[in-house]
file query.txt (compact mmCIF, C-alpha atoms)
# COMPACT_ATOMS: atom_id res chain seq x y z
CA MET G 1 0.00 0.00 0.00
CA LEU G 2 1.59 3.16 -1.29
CA ASP G 3 0.17 6.66 -1.00
CA SER G 4 1.43 10.24 -1.22
CA PHE G 5 0.34 13.81 -0.69
CA LYS G 6 1.54 17.32 -1.48
CA ILE G 7 2.25 20.24 0.84
CA LYS G 8 2.92 23.88 0.14
CA THR G 9 5.58 25.37 2.34
CA LYS G 10 5.45 29.11 2.98
CA THR G 11 8.88 30.29 4.12
CA ARG G 12 12.53 29.26 3.73
CA ASN G 13 12.38 27.34 7.01
CA ASP G 14 8.95 25.87 7.64
CA LEU G 15 8.15 23.00 9.99
CA ILE G 16 4.70 21.65 9.13
CA ASP G 17 2.76 19.22 11.31
CA ILE G 18 1.62 16.37 9.01
CA THR G 19 0.38 14.00 11.74
CA ASN G 20 -3.27 14.28 10.68
CA ASP G 21 -2.47 13.72 6.98
CA LEU G 22 -0.68 10.50 7.92
CA GLN G 23 -3.37 9.32 10.32
CA GLN G 24 -6.02 9.84 7.60
CA ILE G 25 -4.07 7.61 5.19
CA VAL G 26 -3.78 4.91 7.87
CA SER G 27 -7.45 5.21 8.92
CA LYS G 28 -8.86 4.44 5.50
CA LEU G 29 -6.80 1.22 5.23
CA ASN G 30 -7.87 -0.53 8.46
CA ILE G 31 -4.45 -1.80 9.59
CA GLN G 32 -4.65 -3.91 12.77
CA SER G 33 -0.89 -4.26 13.08
CA GLY G 34 1.94 -2.92 10.96
CA PHE G 35 4.10 0.10 10.39
CA CYS G 36 4.64 2.84 7.86
CA VAL G 37 7.67 4.37 6.20
CA VAL G 38 7.18 8.10 5.57
CA TYR G 39 9.60 9.25 2.89
CA VAL G 40 10.62 12.70 1.63
CA PRO G 41 11.93 12.60 -1.99
CA HIS G 42 13.77 15.95 -1.67
CA THR G 43 17.39 16.91 -0.92
CA THR G 44 16.71 20.23 0.87
CA ALA G 45 13.92 19.05 3.18
CA GLY G 46 13.59 16.47 5.94
CA ILE G 47 11.17 14.75 8.28
CA PHE G 48 11.20 14.18 12.03
CA ILE G 49 9.05 13.36 15.04
CA ASN G 50 8.80 15.81 17.95
CA GLU G 51 6.40 17.77 20.15
CA ASN G 52 3.49 19.34 18.29
CA ALA G 53 1.65 20.78 21.32
CA ASP G 54 3.63 23.97 22.00
CA PRO G 55 4.57 25.93 18.83
CA THR G 56 7.70 27.31 20.53
CA VAL G 57 9.28 23.82 20.26
CA PRO G 58 9.51 23.77 16.41
CA LEU G 59 10.53 27.46 16.56
CA ASP G 60 13.46 26.67 18.88
CA ILE G 61 14.40 23.67 16.72
CA SER G 62 14.41 25.82 13.57
CA ASN G 63 16.41 28.64 15.17
CA MET G 64 19.06 26.31 16.63
CA LEU G 65 19.47 24.45 13.30
CA ASP G 66 20.09 27.86 11.69
CA LYS G 67 22.75 28.66 14.28
CA ILE G 68 24.53 25.32 13.88
CA ILE G 69 24.33 25.36 10.07
CA PRO G 70 24.29 29.02 8.97
CA TRP G 71 22.73 29.90 5.60
CA LYS G 72 25.87 31.85 4.63
CA SER G 73 29.28 30.23 5.05
CA ASP G 74 32.19 29.30 2.77
CA TYR G 75 30.05 26.88 0.75
CA ARG G 76 31.06 25.87 -2.81
CA HIS G 77 27.66 24.78 -4.17
CA SER G 78 26.57 27.53 -6.57
CA GLU G 79 22.84 27.32 -5.85
CA GLY G 80 23.45 28.89 -2.41
CA ASN G 81 21.34 26.36 -0.51
CA SER G 82 24.05 24.10 0.96
CA ALA G 83 22.75 24.75 4.48
CA ALA G 84 19.43 23.17 3.43
CA HIS G 85 21.23 20.06 2.09
CA ILE G 86 23.16 19.69 5.35
CA LYS G 87 20.05 20.10 7.53
CA SER G 88 18.39 17.47 5.36
CA ILE G 89 21.05 14.83 6.09
CA ILE G 90 21.07 15.70 9.80
CA THR G 91 17.31 15.25 10.28
CA GLY G 92 16.97 12.47 7.67
CA SER G 93 14.82 11.63 4.65
CA SER G 94 12.43 9.17 6.28
CA ILE G 95 10.84 8.03 9.52
CA GLN G 96 9.01 4.89 10.49
CA VAL G 97 5.96 4.76 12.76
CA ILE G 98 4.42 1.58 14.20
CA ILE G 99 0.65 1.11 13.59
CA GLU G 100 -1.69 -0.68 16.02
CA ASN G 101 -5.49 -0.91 15.78
CA ASN G 102 -5.63 1.54 12.93
CA LYS G 103 -3.65 4.25 14.76
CA LEU G 104 -0.13 5.64 14.40
CA MET G 105 1.50 4.53 17.65
CA LEU G 106 2.97 7.92 18.51
CA GLY G 107 3.89 8.93 22.06
CA ARG G 108 1.65 11.27 24.08
CA TRP G 109 3.49 14.44 22.92
CA GLN G 110 4.74 13.29 19.52
CA GLY G 111 3.71 14.58 16.12
CA VAL G 112 5.30 14.18 12.68
CA PHE G 113 6.83 17.27 11.06
CA PHE G 114 7.73 17.88 7.45
CA ALA G 115 10.85 20.07 7.58
CA GLU G 116 11.28 22.60 4.77
CA TYR G 117 14.79 24.09 4.68
CA ASP G 118 14.72 25.84 1.27
CA GLY G 119 11.15 27.06 0.71
CA PRO G 120 8.71 28.21 -0.22
CA ARG G 121 7.98 25.27 -2.55
CA GLU G 122 5.46 22.56 -3.31
CA ARG G 123 6.72 19.32 -1.76
CA SER G 124 5.70 15.65 -1.72
CA VAL G 125 5.50 13.07 1.06
CA ILE G 126 5.39 9.35 0.17
CA VAL G 127 3.85 6.82 2.57
CA LYS G 128 4.43 3.08 2.34
CA ILE G 129 2.26 1.03 4.71
CA ILE G 130 3.18 -2.51 5.69
CA ASN G 131 0.57 -4.81 7.22
CA CYS G 132 2.43 -7.34 9.40
CA MET P 1 5.04 -9.04 17.08
CA LEU P 2 5.12 -6.02 19.33
CA ASP P 3 6.92 -5.72 22.63
CA SER P 4 8.15 -2.95 24.94
CA PHE P 5 10.18 -2.36 28.05
CA LYS P 6 10.87 0.41 30.54
CA ILE P 7 14.15 2.02 31.56
CA LYS P 8 15.01 4.38 34.39
CA THR P 9 17.46 7.06 33.41
CA LYS P 10 19.61 8.56 36.15
CA THR P 11 20.93 11.93 35.01
CA ARG P 12 19.93 14.72 32.62
CA ASN P 13 22.10 13.21 29.87
CA ASP P 14 22.25 9.43 30.10
CA LEU P 15 23.24 7.07 27.32
CA ILE P 16 22.10 3.55 28.24
CA ASP P 17 23.17 0.41 26.40
CA ILE P 18 19.96 -1.54 25.60
CA THR P 19 21.52 -4.12 23.26
CA ASN P 20 20.90 -7.04 25.65
CA ASP P 21 17.28 -6.02 26.29
CA LEU P 22 16.65 -6.07 22.53
CA GLN P 23 18.50 -9.34 21.95
CA GLN P 24 16.42 -10.99 24.68
CA ILE P 25 13.18 -9.95 22.96
CA VAL P 26 14.45 -11.33 19.65
CA SER P 27 15.76 -14.56 21.23
CA LYS P 28 12.40 -15.64 22.64
CA LEU P 29 10.69 -15.26 19.22
CA ASN P 30 12.95 -17.48 17.09
CA ILE P 31 13.24 -15.24 14.02
CA GLN P 32 15.24 -16.86 11.21
CA SER P 33 15.15 -13.79 9.01
CA GLY P 34 13.63 -10.36 9.54
CA PHE P 35 14.25 -6.99 11.09
CA CYS P 36 13.08 -4.88 14.01
CA VAL P 37 12.02 -1.29 14.41
CA VAL P 38 13.05 0.08 17.82
CA TYR P 39 10.95 3.13 18.63
CA VAL P 40 11.19 5.79 21.36
CA PRO P 41 7.79 7.44 22.09
CA HIS P 42 9.37 10.54 23.71
CA THR P 43 10.24 14.03 22.44
CA THR P 44 13.28 14.68 24.66
CA ALA P 45 15.07 11.35 24.16
CA GLY P 46 16.49 9.47 21.19
CA ILE P 47 18.05 6.21 20.07
CA PHE P 48 21.20 5.41 18.12
CA ILE P 49 23.72 2.69 17.32
CA ASN P 50 27.40 3.14 18.20
CA GLU P 51 30.35 1.60 20.02
CA ASN P 52 29.51 0.04 23.39
CA ALA P 53 32.96 -1.37 24.19
CA ASP P 54 34.79 1.71 25.48
CA PRO P 55 32.70 3.92 27.83
CA THR P 56 34.61 7.04 26.74
CA VAL P 57 32.81 6.86 23.36
CA PRO P 58 29.30 7.63 24.72
CA LEU P 59 30.93 10.18 27.07
CA ASP P 60 32.51 12.04 24.13
CA ILE P 61 29.23 11.82 22.20
CA SER P 62 27.29 13.29 25.12
CA ASN P 63 29.79 16.09 25.74
CA MET P 64 29.97 17.12 22.08
CA LEU P 65 26.15 17.13 21.73
CA ASP P 66 26.09 19.47 24.75
CA LYS P 67 28.61 21.78 23.09
CA ILE P 68 26.73 21.88 19.77
CA ILE P 69 23.31 22.30 21.42
CA PRO P 70 23.84 24.11 24.74
CA TRP P 71 21.26 23.66 27.51
CA LYS P 72 21.01 27.45 27.92
CA SER P 73 20.50 29.64 24.85
CA ASP P 74 17.86 32.11 23.64
CA TYR P 75 15.14 29.45 23.55
CA ARG P 76 11.43 30.42 23.68
CA HIS P 77 9.94 27.14 24.98
CA SER P 78 9.00 27.81 28.60
CA GLU P 79 9.80 24.31 29.94
CA GLY P 80 13.52 25.05 29.54
CA ASN P 81 14.31 21.75 27.81
CA SER P 82 14.54 22.87 24.16
CA ALA P 83 18.08 21.49 23.89
CA ALA P 84 16.67 18.03 24.65
CA HIS P 85 14.03 18.38 21.89
CA ILE P 86 16.72 19.42 19.38
CA LYS P 87 19.07 16.54 20.33
CA SER P 88 16.10 14.21 19.91
CA ILE P 89 15.49 15.22 16.29
CA ILE P 90 19.22 15.07 15.49
CA THR P 91 19.68 11.50 16.75
CA GLY P 92 16.17 10.34 15.75
CA SER P 93 13.22 8.53 17.31
CA SER P 94 13.81 5.06 15.88
CA ILE P 95 16.36 2.66 14.46
CA GLN P 96 16.05 -0.52 12.48
CA VAL P 97 18.23 -3.59 12.94
CA ILE P 98 18.30 -6.62 10.61
CA ILE P 99 17.78 -10.03 12.28
CA GLU P 100 19.37 -13.28 11.03
CA ASN P 101 19.29 -16.69 12.77
CA ASN P 102 17.74 -15.24 15.90
CA LYS P 103 20.42 -12.56 16.33
CA LEU P 104 20.46 -8.78 15.89
CA MET P 105 22.83 -8.36 12.95
CA LEU P 106 24.96 -5.66 14.58
CA GLY P 107 28.53 -4.92 13.54
CA ARG P 108 31.49 -6.11 15.63
CA TRP P 109 31.64 -2.89 17.70
CA GLN P 110 28.00 -1.82 17.55
CA GLY P 111 25.53 -1.61 20.40
CA VAL P 112 22.15 0.13 20.69
CA PHE P 113 21.89 3.12 23.01
CA PHE P 114 18.81 4.75 24.50
CA ALA P 115 19.66 8.46 24.68
CA GLU P 116 18.15 10.43 27.57
CA TYR P 117 18.48 14.19 27.10
CA ASP P 118 16.13 15.45 29.85
CA GLY P 119 16.34 12.97 32.72
CA PRO P 120 16.13 11.48 35.16
CA ARG P 121 12.83 9.85 34.13
CA GLU P 122 11.17 6.52 33.51
CA ARG P 123 11.14 5.90 29.75
CA SER P 124 9.70 3.33 27.34
CA VAL P 125 11.15 1.56 24.32
CA ILE P 126 8.78 -0.10 21.80
CA VAL P 127 10.01 -2.97 19.61
CA LYS P 128 8.18 -4.12 16.46
CA ILE P 129 9.60 -7.31 14.96
CA ILE P 130 8.95 -8.28 11.35
CA ASN P 131 9.55 -11.84 10.18
CA CYS P 132 10.33 -11.70 6.47
CA MET I 1 16.41 -11.39 0.83
CA LEU I 2 19.72 -10.28 2.28
CA ASP I 3 22.75 -9.07 0.35
CA SER I 4 25.90 -7.08 1.02
CA PHE I 5 28.84 -5.49 -0.72
CA LYS I 6 32.23 -4.00 0.15
CA ILE I 7 33.64 -0.55 -0.56
CA LYS I 8 37.12 0.85 -0.22
CA THR I 9 37.21 4.38 1.09
CA LYS I 10 40.19 6.53 0.15
CA THR I 11 40.48 9.39 2.63
CA ARG I 12 39.54 10.14 6.25
CA ASN I 13 36.29 11.78 5.12
CA ASP I 14 34.91 10.17 1.97
CA LEU I 15 31.32 10.37 0.75
CA ILE I 16 30.77 7.63 -1.83
CA ASP I 17 27.71 7.41 -4.09
CA ILE I 18 26.38 3.83 -3.77
CA THR I 19 23.07 4.38 -5.61
CA ASN I 20 24.05 2.14 -8.54
CA ASP I 21 25.28 -0.67 -6.28
CA LEU I 22 21.91 -0.68 -4.53
CA GLN I 23 19.87 -0.46 -7.74
CA GLN I 24 21.79 -3.45 -9.14
CA ILE I 25 20.87 -5.56 -6.10
CA VAL I 26 17.22 -4.56 -6.47
CA SER I 27 17.20 -5.13 -10.25
CA LYS I 28 18.24 -8.76 -10.07
CA LEU I 29 15.41 -9.58 -7.61
CA ASN I 30 12.41 -8.29 -9.58
CA ILE I 31 10.54 -6.55 -6.75
CA GLN I 32 7.20 -5.11 -7.86
CA SER I 33 6.51 -3.45 -4.53
CA GLY I 34 8.51 -3.32 -1.33
CA PHE I 35 11.30 -1.47 0.40
CA CYS I 36 14.88 -1.98 1.48
CA VAL I 37 16.84 -1.32 4.64
CA VAL I 38 20.43 -0.31 3.88
CA TYR I 39 22.57 -0.87 6.96
CA VAL I 40 26.14 0.13 7.85
CA PRO I 41 27.71 -2.20 10.49
CA HIS I 42 30.37 0.35 11.53
CA THR I 43 30.63 2.90 14.35
CA THR I 44 32.73 5.53 12.53
CA ALA I 45 30.76 5.63 9.27
CA GLY I 46 27.20 6.49 8.28
CA ILE I 47 24.72 6.52 5.42
CA PHE I 48 22.43 9.22 4.06
CA ILE I 49 20.41 10.32 1.05
CA ASN I 50 21.17 13.60 -0.72
CA GLU I 51 21.99 15.22 -4.05
CA ASN I 52 24.45 13.26 -6.19
CA ALA I 53 24.37 15.52 -9.28
CA ASP I 54 26.70 18.36 -8.24
CA PRO I 55 29.89 17.16 -6.44
CA THR I 56 30.09 20.43 -4.47
CA VAL I 57 27.07 19.27 -2.41
CA PRO I 58 28.84 16.33 -0.68
CA LEU I 59 31.94 18.56 -0.39
CA ASP I 60 29.96 21.25 1.48
CA ILE I 61 28.31 18.57 3.66
CA SER I 62 31.69 17.09 4.57
CA ASN I 63 33.28 20.47 5.33
CA MET I 64 30.38 21.65 7.49
CA LEU I 65 30.32 18.37 9.47
CA ASP I 66 34.05 18.92 10.14
CA LYS I 67 33.34 22.44 11.41
CA ILE I 68 30.50 21.35 13.70
CA ILE I 69 32.38 18.28 15.01
CA PRO I 70 36.10 19.07 14.85
CA TRP I 71 38.60 16.19 14.65
CA LYS I 72 40.57 17.63 17.57
CA SER I 73 38.75 18.65 20.73
CA ASP I 74 38.84 17.65 24.41
CA TYR I 75 37.81 14.07 23.66
CA ARG I 76 38.56 11.24 26.13
CA HIS I 77 38.44 8.23 23.76
CA SER I 78 42.06 7.15 23.31
CA GLU I 79 41.76 6.07 19.67
CA GLY I 80 41.47 9.73 18.64
CA ASN I 81 38.47 9.17 16.35
CA SER I 82 35.62 10.44 18.56
CA ALA I 83 34.60 12.96 15.88
CA ALA I 84 33.91 10.03 13.54
CA HIS I 85 31.72 8.30 16.17
CA ILE I 86 29.72 11.50 16.69
CA LYS I 87 29.23 12.10 12.95
CA SER I 88 28.05 8.49 12.69
CA ILE I 89 25.24 8.97 15.22
CA ILE I 90 24.22 12.29 13.63
CA THR I 91 23.83 10.88 10.11
CA GLY I 92 22.67 7.43 11.25
CA SER I 93 23.50 3.78 10.63
CA SER I 94 20.71 2.93 8.19
CA ILE I 95 18.26 4.28 5.65
CA GLN I 96 15.15 2.85 4.08
CA VAL I 97 14.14 3.29 0.45
CA ILE I 98 10.76 2.32 -1.03
CA ILE I 99 10.88 0.06 -4.14
CA GLU I 100 8.29 0.17 -6.94
CA ASN I 101 8.44 -1.72 -10.26
CA ASN I 102 11.97 -2.90 -9.62
CA LYS I 103 13.33 0.62 -8.97
CA LEU I 104 14.50 2.44 -5.86
CA MET I 105 11.88 5.17 -5.50
CA LEU I 106 14.35 8.01 -5.02
CA GLY I 107 13.49 11.63 -5.73
CA ARG I 108 14.71 13.36 -8.92
CA TRP I 109 17.93 14.66 -7.27
CA GLN I 110 18.46 11.98 -4.63
CA GLY I 111 21.28 9.47 -4.42
CA VAL I 112 22.49 7.26 -1.56
CA PHE I 113 25.87 8.03 0.00
CA PHE I 114 28.08 5.85 2.16
CA ALA I 115 29.74 8.26 4.59
CA GLU I 116 33.27 7.40 5.71
CA TYR I 117 34.41 9.47 8.70
CA ASP I 118 37.58 7.57 9.72
CA GLY I 119 39.12 6.19 6.54
CA PRO I 120 40.73 4.97 4.51
CA ARG I 121 39.31 1.48 5.21
CA GLU I 122 37.45 -1.39 3.63
CA ARG I 123 33.79 -1.14 4.66
CA SER I 124 30.61 -3.21 4.28
CA VAL I 125 27.05 -2.30 3.38
CA ILE I 126 24.22 -4.73 4.20
CA VAL I 127 20.96 -4.65 2.24
CA LYS I 128 17.74 -6.28 3.43
CA ILE I 129 14.95 -6.28 0.85
CA ILE I 130 11.33 -6.74 1.83
CA ASN I 131 8.73 -7.67 -0.80
CA CYS I 132 5.36 -6.35 0.42

call {"tool": "encode", "arguments": {"input": "query.txt", "output": "structure tokens"}}
result
Amino acid sequence: MLDSFKIKTKTRNDLIDITNDLQQIVSKLNIQSGFCVVYVPHTTAGIFINENADPTVPLDISNMLDKIIPWKSDYRHSEGNSAAHIKSIITGSSIQVIIENNKLMLGRWQGVFFAEYDGPRERSVIVKIINC
Amino acid sequence: MLDSFKIKTKTRNDLIDITNDLQQIVSKLNIQSGFCVVYVPHTTAGIFINENADPTVPLDISNMLDKIIPWKSDYRHSEGNSAAHIKSIITGSSIQVIIENNKLMLGRWQGVFFAEYDGPRERSVIVKIINC
Amino acid sequence: MLDSFKIKTKTRNDLIDITNDLQQIVSKLNIQSGFCVVYVPHTTAGIFINENADPTVPLDISNMLDKIIPWKSDYRHSEGNSAAHIKSIITGSSIQVIIENNKLMLGRWQGVFFAEYDGPRERSVIVKIINC
């Protein structure tokens, strides 16, 4: 079972909560037990799991990533977005979430974020669901 | 096949070797060929694979993560643990390990570490095992 | 289905494009739908997905990782390669790639890189393929 959806990011750095989009895909399939791979087919974006209750958490994450990997540095890549490539490898291109009784088995405070590092753009998220 | 276990972390930063806990779960299931997803349902902890022979390796890892992502900075999140959230997304919320002949197929020097970044607390680790 | 291959890295930091090696393993199996886990059994190397078109991208990634995690610092581990261990946990020990119609479902600009952080050495890559 393979699905995908699009998102429009609005700013250069944009952390977008996609937990509900993923849960909707899982809900229509009726998975009693399994897991999903959520995959980002981009080289200047990433995906991660973290707190989606307090909006200052993604803000602090975004600001600290910018401090660690500054947009301007002595980069060679002529497109000027090397920082976005580096953030992408640090947060990763995919996550996996266990599914039980038709629900993503996320922790109490966990949500799934699409991480835009070189927006605004239209982006894709691919979801592979394994029933097992 | 879904299992889980609890761990008590002892300090704010605490890297705990959980390789034996995972191997025990695998051993009782008799998996000839498969893999497992090891998932941390927390937003201020992580999981990774690295050397578990020399205890100075996790010590150096912990100290360098603290240098890169200092506990005190101009964070907005009022709980004061933003550094722990950021370390969590950098090391990740899950790993996958291949299983062959009832054994985690880890490299010669590899062990699995639960990474506490905002302890001490009681934490959970969820293990999904796929026979394939 | 489990396979593996060897690579020889040439310098201390060496990012090697292994996309074709992986695609060849997938091609001979005829997988209509599935995914693969690509696993690195080493503690001073990693694996990630990023742009493999412009060689300045891996160069910028490698240089920035060296800035963030310097080779020399107040490390305790006597082998002197703590920076390589830390880079390994930051980029991760495995990736997963979805497979459709016998092809790795990578994005337009994505390739898979083996990341050597303490070379030169001979290294292994393990590939587990799941048909589902």

call {"tool": "calpha_fit_and_write", "arguments": {"input": "query.txt", "fixed": "chain P", "moving": "chain G", "output": "mmCIF file with C-alpha atoms, keeping the file's coordinate frame"}}
result
data_model
loop_
_atom_site.group_PDB
_atom_site.id
_atom_site.type_symbol
_atom_site.label_atom_id
_atom_site.label_comp_id
_atom_site.auth_asym_id
_atom_site.auth_seq_id
_atom_site.Cartn_x
_atom_site.Cartn_y
_atom_site.Cartn_z
ATOM 1 C CA MET G 1 5.042 -9.061 17.096
ATOM 2 C CA LEU G 2 5.101 -6.028 19.327
ATOM 3 C CA ASP G 3 6.917 -5.720 22.637
ATOM 4 C CA SER G 4 8.141 -2.948 24.933
ATOM 5 C CA PHE G 5 10.184 -2.355 28.045
ATOM 6 C CA LYS G 6 10.867 0.420 30.540
ATOM 7 C CA ILE G 7 14.149 2.022 31.576
ATOM 8 C CA LYS G 8 14.999 4.377 34.390
ATOM 9 C CA THR G 9 17.454 7.055 33.420
ATOM 10 C CA LYS G 10 19.609 8.550 36.165
ATOM 11 C CA THR G 11 20.927 11.922 35.003
ATOM 12 C CA ARG G 12 19.919 14.712 32.607
ATOM 13 C CA ASN G 13 22.095 13.205 29.875
ATOM 14 C CA ASP G 14 22.259 9.431 30.109
ATOM 15 C CA LEU G 15 23.234 7.063 27.309
ATOM 16 C CA ILE G 16 22.100 3.553 28.236
ATOM 17 C CA ASP G 17 23.174 0.411 26.393
ATOM 18 C CA ILE G 18 19.966 -1.539 25.609
ATOM 19 C CA THR G 19 21.521 -4.123 23.262
ATOM 20 C CA ASN G 20 20.901 -7.034 25.642
ATOM 21 C CA ASP G 21 17.266 -6.025 26.283
ATOM 22 C CA LEU G 22 16.659 -6.069 22.530
ATOM 23 C CA GLN G 23 18.503 -9.331 21.939
ATOM 24 C CA GLN G 24 16.418 -11.003 24.687
ATOM 25 C CA ILE G 25 13.181 -9.945 22.959
ATOM 26 C CA VAL G 26 14.460 -11.330 19.642
ATOM 27 C CA SER G 27 15.761 -14.570 21.214
ATOM 28 C CA LYS G 28 12.426 -15.638 22.634
ATOM 29 C CA LEU G 29 10.706 -15.260 19.231
ATOM 30 C CA ASN G 30 12.964 -17.488 17.091
ATOM 31 C CA ILE G 31 13.246 -15.242 14.015
ATOM 32 C CA GLN G 32 15.255 -16.864 11.198
ATOM 33 C CA SER G 33 15.160 -13.774 9.006
ATOM 34 C CA GLY G 34 13.628 -10.359 9.546
ATOM 35 C CA PHE G 35 14.245 -7.001 11.110
ATOM 36 C CA CYS G 36 13.069 -4.892 14.003
ATOM 37 C CA VAL G 37 12.021 -1.285 14.415
ATOM 38 C CA VAL G 38 13.044 0.084 17.825
ATOM 39 C CA TYR G 39 10.951 3.138 18.632
ATOM 40 C CA VAL G 40 11.193 5.798 21.351
ATOM 41 C CA PRO G 41 7.792 7.452 22.079
ATOM 42 C CA HIS G 42 9.373 10.545 23.704
ATOM 43 C CA THR G 43 10.234 14.043 22.433
ATOM 44 C CA THR G 44 13.289 14.690 24.656
ATOM 45 C CA ALA G 45 15.057 11.354 24.148
ATOM 46 C CA GLY G 46 16.496 9.467 21.189
ATOM 47 C CA ILE G 47 18.043 6.205 20.069
ATOM 48 C CA PHE G 48 21.199 5.401 18.125
ATOM 49 C CA ILE G 49 23.713 2.684 17.317
ATOM 50 C CA ASN G 50 27.391 3.140 18.209
ATOM 51 C CA GLU G 51 30.352 1.596 20.023
ATOM 52 C CA ASN G 52 29.503 0.045 23.379
ATOM 53 C CA ALA G 53 32.964 -1.372 24.190
ATOM 54 C CA ASP G 54 34.796 1.716 25.480
ATOM 55 C CA PRO G 55 32.688 3.917 27.823
ATOM 56 C CA THR G 56 34.616 7.032 26.740
ATOM 57 C CA VAL G 57 32.812 6.866 23.354
ATOM 58 C CA PRO G 58 29.289 7.630 24.727
ATOM 59 C CA LEU G 59 30.909 10.186 27.077
ATOM 60 C CA ASP G 60 32.501 12.041 24.142
ATOM 61 C CA ILE G 61 29.229 11.824 22.192
ATOM 62 C CA SER G 62 27.277 13.293 25.120
ATOM 63 C CA ASN G 63 29.786 16.090 25.747
ATOM 64 C CA MET G 64 29.970 17.128 22.076
ATOM 65 C CA LEU G 65 26.149 17.145 21.737
ATOM 66 C CA ASP G 66 26.082 19.490 24.754
ATOM 67 C CA LYS G 67 28.601 21.793 23.089
ATOM 68 C CA ILE G 68 26.730 21.890 19.776
ATOM 69 C CA ILE G 69 23.307 22.312 21.409
ATOM 70 C CA PRO G 70 23.847 24.115 24.736
ATOM 71 C CA TRP G 71 21.259 23.661 27.503
ATOM 72 C CA LYS G 72 21.006 27.452 27.919
ATOM 73 C CA SER G 73 20.499 29.638 24.854
ATOM 74 C CA ASP G 74 17.866 32.111 23.637
ATOM 75 C CA TYR G 75 15.152 29.438 23.557
ATOM 76 C CA ARG G 76 11.443 30.404 23.690
ATOM 77 C CA HIS G 77 9.961 27.132 24.994
ATOM 78 C CA SER G 78 9.006 27.797 28.621
ATOM 79 C CA GLU G 79 9.798 24.322 29.952
ATOM 80 C CA GLY G 80 13.535 25.050 29.533
ATOM 81 C CA ASN G 81 14.325 21.756 27.803
ATOM 82 C CA SER G 82 14.544 22.877 24.155
ATOM 83 C CA ALA G 83 18.084 21.499 23.894
ATOM 84 C CA ALA G 84 16.674 18.027 24.653
ATOM 85 C CA HIS G 85 14.046 18.389 21.883
ATOM 86 C CA ILE G 86 16.727 19.416 19.383
ATOM 87 C CA LYS G 87 19.063 16.546 20.327
ATOM 88 C CA SER G 88 16.097 14.220 19.913
ATOM 89 C CA ILE G 89 15.489 15.236 16.283
ATOM 90 C CA ILE G 90 19.213 15.086 15.490
ATOM 91 C CA THR G 91 19.689 11.512 16.741
ATOM 92 C CA GLY G 92 16.180 10.342 15.753
ATOM 93 C CA SER G 93 13.224 8.533 17.314
ATOM 94 C CA SER G 94 13.815 5.067 15.879
ATOM 95 C CA ILE G 95 16.369 2.660 14.462
ATOM 96 C CA GLN G 96 16.044 -0.525 12.487
ATOM 97 C CA VAL G 97 18.232 -3.603 12.943
ATOM 98 C CA ILE G 98 18.298 -6.624 10.613
ATOM 99 C CA ILE G 99 17.778 -10.051 12.284
ATOM 100 C CA GLU G 100 19.372 -13.289 11.036
ATOM 101 C CA ASN G 101 19.290 -16.689 12.763
ATOM 102 C CA ASN G 102 17.744 -15.260 15.880
ATOM 103 C CA LYS G 103 20.417 -12.565 16.338
ATOM 104 C CA LEU G 104 20.458 -8.790 15.892
ATOM 105 C CA MET G 105 22.838 -8.362 12.958
ATOM 106 C CA LEU G 106 24.948 -5.657 14.577
ATOM 107 C CA GLY G 107 28.531 -4.929 13.528
ATOM 108 C CA ARG G 108 31.478 -6.132 15.635
ATOM 109 C CA TRP G 109 31.644 -2.896 17.703
ATOM 110 C CA GLN G 110 28.005 -1.808 17.548
ATOM 111 C CA GLY G 111 25.529 -1.605 20.396
ATOM 112 C CA VAL G 112 22.148 0.129 20.683
ATOM 113 C CA PHE G 113 21.882 3.127 23.019
ATOM 114 C CA PHE G 114 18.813 4.744 24.495
ATOM 115 C CA ALA G 115 19.658 8.459 24.674
ATOM 116 C CA GLU G 116 18.146 10.418 27.565
ATOM 117 C CA TYR G 117 18.475 14.189 27.095
ATOM 118 C CA ASP G 118 16.124 15.445 29.850
ATOM 119 C CA GLY G 119 16.346 12.957 32.733
ATOM 120 C CA PRO G 120 16.134 11.484 35.168
ATOM 121 C CA ARG G 121 12.836 9.857 34.129
ATOM 122 C CA GLU G 122 11.166 6.526 33.505
ATOM 123 C CA ARG G 123 11.135 5.916 29.748
ATOM 124 C CA SER G 124 9.695 3.341 27.339
ATOM 125 C CA VAL G 125 11.144 1.565 24.310
ATOM 126 C CA ILE G 126 8.786 -0.094 21.795
ATOM 127 C CA VAL G 127 9.993 -2.963 19.595
ATOM 128 C CA LYS G 128 8.182 -4.127 16.474
ATOM 129 C CA ILE G 129 9.602 -7.325 14.964
ATOM 130 C CA ILE G 130 8.950 -8.284 11.359
ATOM 131 C CA ASN G 131 9.531 -11.854 10.194
ATOM 132 C CA CYS G 132 10.332 -11.710 6.459
#

call {"tool": "closest_residue", "arguments": {"input": "query.txt", "among": "G:Ile90, G:Val97, G:Ile68, G:Ala45", "to": "G:Asp118", "atoms": "only C-alpha atoms"}}
result
G:Ala45

call {"tool": "residues_around", "arguments": {"input": "query.txt", "residues": "I:Trp71", "least_positions_apart": "6", "cutoff": "8 Å", "atoms": "only C-alpha atoms", "output": "list in words"}}
result
Asn81, Ser82, Ala83 and Ala84 of chain I

call {"tool": "interface_residues", "arguments": {"input": "query.txt", "of": "chain I", "to": "chain G", "cutoff": "7 Å", "atoms": "only C-alpha atoms", "output": "short mmCIF file (atom, residue, chain, number, x, y, z; two decimals) with C-alpha atoms, in the frame of the given file"}}
result
data_model
loop_
_atom_site.label_atom_id
_atom_site.label_comp_id
_atom_site.auth_asym_id
_atom_site.auth_seq_id
_atom_site.Cartn_x
_atom_site.Cartn_y
_atom_site.Cartn_z
CA PHE I 48 22.43 9.22 4.06
CA ILE I 49 20.41 10.32 1.05
CA ASN I 50 21.17 13.60 -0.72
CA GLU I 51 21.99 15.22 -4.05
CA THR I 56 30.09 20.43 -4.47
CA VAL I 57 27.07 19.27 -2.41
CA ASP I 60 29.96 21.25 1.48
CA ILE I 61 28.31 18.57 3.66
CA ILE I 90 24.22 12.29 13.63
CA THR I 91 23.83 10.88 10.11
CA LEU I 106 14.35 8.01 -5.02
CA GLY I 107 13.49 11.63 -5.73
CA TRP I 109 17.93 14.66 -7.27
CA GLN I 110 18.46 11.98 -4.63
CA CYS I 132 5.36 -6.35 0.42
#
